[in-house]
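A.B. asks: Here you go, one structure.
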Amino acid sequence: MTFAETSHASDADGCNRPSGQLVSLEAAGFGRRPSPALVFGRFRFVPHSRELCADGVPVPLGNRALEVLFVLIEARGELVTKDELLSRVWPTTTVEENNLQFQISSLRKALGSDRDVIRTVSGRGYRFVAEVTPEGPRSRPEPETPGVDHRGATIIDLHPPRRSGNLPAPTSDIVGRESHLLDVGALVGANRLVTLVGAGGIGKTRLAIELARRQAPAFDGVWVAELGSSSDPAMVPAIVASALGLGGGPMSPARLAASLGQGRLLLVLDNCEHVIDAAASLAEALLHANATLRVIATSREPLRAEGEWVYRVPALEVPPEGEGDLEAVMQFSAAKLFIERTRAAEPASLLGVGVAAATTQICRRLDGIPLAIELAAARAAALGVEGLAARIDDRLSLLTDGRRTAPARHQTLRATLDWSHELLTDRERVVMRRLAVFTGDFTMEAASRSAAFGEVSAVEVAQSVASLAAKSLVAAEVGARAPRYRLLETMRAYAIDKLGQSGELDAVMRRHGEAGCLRRAQD
């Protein structure tokens, strides 16, 4: 697309208007010649081709939704009635109003955190309230003979070079992660391999993709390779090659590295934990082959690869116990996420004087884990927030309504924990379930007293606790003189269930009681 850069835009009636002033798209001649792109926030909309990009990445929207957006932007903040939208977007077809509502909903999802720029005027129509400005001209390397239009103005290409990649467009805003995005962004800027580590459902993937989206302008291409689809380590190079759009056929780390090229690239290796050796080997091979490549990996434990920097993704912030004021509760990211998702599922479930206290209880019992909170919000649509809080101790059976399109391991809380449990060694499984007898934090010595018996020695307990901490199943506080450990509430509920199934509940409880008596006698 080209556009003549001039100091004034001329209307059809011959009046001049200063450039930069937003006018009616048709009045500005957009139907007669290619028009400049329009910019609002992080979005760029090209009227004549109906293209929408977010941070330089095309947003996948249907033609009808883009046409609705065009009409709303064209109105320059004025109300567009439902009838006008229906007649403009479906000029030759009679459709129901719910078709329009569906297109508006699609637009809002695509706009993510900027969804409020489309305002609903109840019973009447919609307004587009974002500040929209024509995109300023961007120069390119000057040709030997610059092109000119019929008035002698230089022709400037307004299309930037398209960046390559397969980043998905955002469908909702990310809650409570701004400071974490800054921290990880600084790590990625200074180091070539950064691994986001955390428990299942903590939000590693979401954080990695949002970071990659924000980093995209600094790279020639940004790709995401989802490794959770195969449990075969030998398939890792082929999965990554497919994500990069490289040729088919047998693929080895060396062949993939040779095919990568030397562009400034960013690669997200998502869900590495079940193929972690292969993922670590491939990351090293690619980083050695391309000196400007950056890799962000997500895993429940570090890759332990050369040059790796680890960022442990924290849970969302939970309100203090006993907090009953909804406005105060909403200042904490876990509660904000819960309220937003609950409102989206069923606004009526937020009615009631006890909602703030119930929200606090739910968020605390779910350890601020985003996936668990989203599952809880879906269940609150049927039970109400207070009803859900009263049943939250049964979280493993209760939280089962994940997104239909989510991976199986994210559709229920138990499935998420099962995924982690299956990746443990037999010894680690035994120690983890025995640690469930601790209601709070514990030392390594206390863990050995309660869990080291039968086929498990004290040394093996120490090794297993350290490994469980590395795999994000045990929280470790290592800053003190004597490190302390604890199971999160959600993991403890799961471990207690496993302990009961194992048939050794009575033996572990007896051992734990004896250890407590011995400790008190020594004190």
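By convention here, the chains of the structure tokens are called A, B, ... in the order presented, each chain's residues are numbered starting at 1, and ligands are numbered starting at 1 in the order presented.
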Residues within 8 Å of Leu260 (chain A), please, as a PDB file with N, CA and C atoms, in the first residue's frame. Count only C-alpha atoms; anything in the same chain fewer than 3 positions from it doesn't count.

C.D. replies:
```
ATOM      1  N   LEU A 256      18.355 -29.703  12.587  1.00  0.00           N
ATOM      2  CA  LEU A 256      17.498 -28.550  12.871  1.00  0.00           C
ATOM      3  C   LEU A 256      18.346 -27.308  13.084  1.00  0.00           C
ATOM      4  N   ALA A 257      19.447 -27.449  13.817  1.00  0.00           N
ATOM      5  CA  ALA A 257      20.332 -26.316  14.058  1.00  0.00           C
ATOM      6  C   ALA A 257      20.896 -25.774  12.747  1.00  0.00           C
ATOM      7  N   LEU A 286      20.728 -25.497  19.345  1.00  0.00           N
ATOM      8  CA  LEU A 286      20.238 -24.329  18.607  1.00  0.00           C
ATOM      9  C   LEU A 286      20.990 -23.067  19.024  1.00  0.00           C
ATOM     10  N   ALA A 289      24.282 -22.924  17.414  1.00  0.00           N
ATOM     11  CA  ALA A 289      24.231 -22.729  15.964  1.00  0.00           C
ATOM     12  C   ALA A 289      23.913 -21.293  15.574  1.00  0.00           C
ATOM     13  N   ASN A 290      23.175 -20.572  16.411  1.00  0.00           N
ATOM     14  CA  ASN A 290      22.756 -19.209  16.077  1.00  0.00           C
ATOM     15  C   ASN A 290      23.124 -18.303  17.246  1.00  0.00           C
TER      16      ASN A 290
END
```

A.B. asks: Please, which residues in region 331-379 of chain A fall within 9 Å of region 176-189 of chain A when counting only C-alpha atoms, and what is the closest atom pair and distance in Å to one decimal for each, ordered by chain then residue number, as a Markdown table?

C.D. replies:
```
| residue | atom | partner | partner_atom | distance |
| --- | --- | --- | --- | --- |
| A:Phe332 | CA | A:Gly176 | CA | 8.1 |
| A:Ser333 | CA | A:Gly176 | CA | 4.8 |
| A:Ala334 | CA | A:Gly176 | CA | 7.6 |
| A:Lys336 | CA | A:Gly176 | CA | 8.3 |
| A:Leu337 | CA | A:Gly176 | CA | 8.0 |
```

A.B. asks: Report the closest atom pair, with its distance in Å rounded to one decimal, for each residue of region 442-475 of chain A that has an atom no farther than 12 Å from region 266-282 of chain A; count only C-alpha atoms, sort by chain and then rising residue number, and write it as JSON lines.

C.D. replies:
```
{"residue": "A:Ala470", "atom": "CA", "partner": "A:Glu273", "partner_atom": "CA", "distance": 11.4}
{"residue": "A:Lys471", "atom": "CA", "partner": "A:Glu273", "partner_atom": "CA", "distance": 8.8}
{"residue": "A:Ser472", "atom": "CA", "partner": "A:Glu273", "partner_atom": "CA", "distance": 11.1}
```

A.B. asks: Given only C-alpha atoms as the basis, pick out the residue of A:Trp223, A:Ala390, A:Arg300, A:Ala305 nearest to Ser467 (chain A).

C.D. replies: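 Ranking A:Trp223, A:Ala390, A:Arg300, A:Ala305 by distance to Ser467 (chain A), first place goes to A:Arg300.
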
A.B. asks: What are the closest atom pairs, with distances in Å to one decimal, for all residues of region 370-461 of chain A lying within 8 Å of region 345-360 of chain A? Consider only C-alpha atoms, order rows by chain and residue number, and present the result as JSON lines.

C.D. replies:
```
{"residue": "A:Ala377", "atom": "CA", "partner": "A:Ala345", "partner_atom": "CA", "distance": 7.4}
{"residue": "A:Ala378", "atom": "CA", "partner": "A:Ala345", "partner_atom": "CA", "distance": 6.2}
{"residue": "A:Ala380", "atom": "CA", "partner": "A:Ser349", "partner_atom": "CA", "distance": 6.6}
{"residue": "A:Ala381", "atom": "CA", "partner": "A:Glu346", "partner_atom": "CA", "distance": 5.0}
{"residue": "A:Ala382", "atom": "CA", "partner": "A:Ser349", "partner_atom": "CA", "distance": 7.9}
{"residue": "A:Leu383", "atom": "CA", "partner": "A:Ser349", "partner_atom": "CA", "distance": 7.8}
{"residue": "A:Gly384", "atom": "CA", "partner": "A:Ser349", "partner_atom": "CA", "distance": 4.6}
{"residue": "A:Val385", "atom": "CA", "partner": "A:Ser349", "partner_atom": "CA", "distance": 6.1}
{"residue": "A:Glu386", "atom": "CA", "partner": "A:Ala358", "partner_atom": "CA", "distance": 5.3}
{"residue": "A:Ala389", "atom": "CA", "partner": "A:Ala358", "partner_atom": "CA", "distance": 5.4}
```

A.B. asks: Name the closest residue to Glu131 (chain A) among the candidates A:Leu265, A:Ala254, A:Leu38, A:Val80; distances are taken between atoms, counting only C-alpha atoms.

C.D. replies: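 Nearest candidate to Glu131 (chain A) out of A:Leu265, A:Ala254, A:Leu38, A:Val80: A:Leu38.
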
A.B. asks: Taking the DSSP assignment computed from this structure's backbone, write out as a PyMOL selection string all residues of region 184-404 of chain A that belong to alpha helix (DSSP H).

C.D. replies: chain A and resi 184-190+204-215+236-244+253-259+276-289+326-329+333-345+355-365+370-383+385-390+395-398

A.B. asks: Nearest to His512 (chain A): which of A:Ile362, A:Leu488, A:Ala495, A:Leu435 is it, counting only C-alpha atoms?

C.D. replies: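 Of A:Ile362, A:Leu488, A:Ala495, A:Leu435, the one nearest His512 (chain A), counting only C-alpha atoms, is A:Leu435.
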
A.B. asks: Please measure the separation of CA of Glu460 (chain A) and CA of Val437 (chain A), giving the value in Å to one decimal.

C.D. replies: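 So the answer is 18.0 Å.
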
A.B. asks: Between A:Leu366, A:Ala328, A:Ala225, A:Leu85, which one has atoms that come closest to Ile296 (chain A), using only C-alpha atoms?

C.D. replies: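 Looking only at the distances to Ile296 (chain A), the closest residue turns out to be A:Ala225.
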
A.B. asks: Contacts of region 406-422 of chain A at 10 Å or less, counting only C-alpha atoms, minus same-chain residues fewer than 2 places along, as an MDAnalysis selection string?

C.D. replies: chainID A and resid 199:201 228:229 273:274 300 371:373 375:376 395:404 424:426 428:429 432 471:473 490:491 494:495

A.B. asks: Show me, as a ChimeraX atom specification, the residues that have an atom within 12 Å of Ser122 (chain A) when counting only C-alpha atoms, minus same-chain residues fewer than 5 positions from it.

C.D. replies: /A:79-82,127

A.B. asks: Could you go through region 281-363 of chain A and tell me which residues DSSP, when run on the backbone, assigns to strand (DSSP E), listing them as a compact mmCIF listing (two decimals) with N, CA and C atoms, in the first residue's frame?

C.D. replies:
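Once everything was written out, this is result.txt:
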```
# COMPACT_ATOMS: atom_id res chain seq x y z
N ARG A 294 17.45 -16.37 21.00
CA ARG A 294 17.04 -16.40 22.40
C ARG A 294 16.02 -17.52 22.57
N VAL A 295 16.10 -18.24 23.69
CA VAL A 295 15.16 -19.32 23.98
C VAL A 295 14.51 -19.07 25.33
N ILE A 296 13.18 -19.12 25.35
CA ILE A 296 12.41 -19.12 26.59
C ILE A 296 11.79 -20.50 26.72
N ALA A 297 12.10 -21.20 27.78
CA ALA A 297 11.51 -22.53 28.00
C ALA A 297 10.56 -22.46 29.18
N THR A 298 9.54 -23.32 29.17
CA THR A 298 8.67 -23.46 30.34
C THR A 298 8.72 -24.92 30.78
N SER A 299 8.83 -25.12 32.09
CA SER A 299 8.98 -26.47 32.60
C SER A 299 8.68 -26.47 34.10
N GLU A 308 21.82 -21.62 31.22
CA GLU A 308 20.42 -21.43 31.61
C GLU A 308 20.29 -20.50 32.82
N TRP A 309 19.32 -19.59 32.74
CA TRP A 309 18.90 -18.79 33.89
C TRP A 309 17.47 -19.19 34.22
N VAL A 310 17.19 -19.41 35.50
CA VAL A 310 15.89 -19.92 35.94
C VAL A 310 15.09 -18.80 36.60
N TYR A 311 13.83 -18.68 36.20
CA TYR A 311 12.89 -17.76 36.85
C TYR A 311 11.73 -18.58 37.39
N ARG A 312 11.59 -18.59 38.71
CA ARG A 312 10.50 -19.34 39.33
C ARG A 312 9.25 -18.47 39.34
```
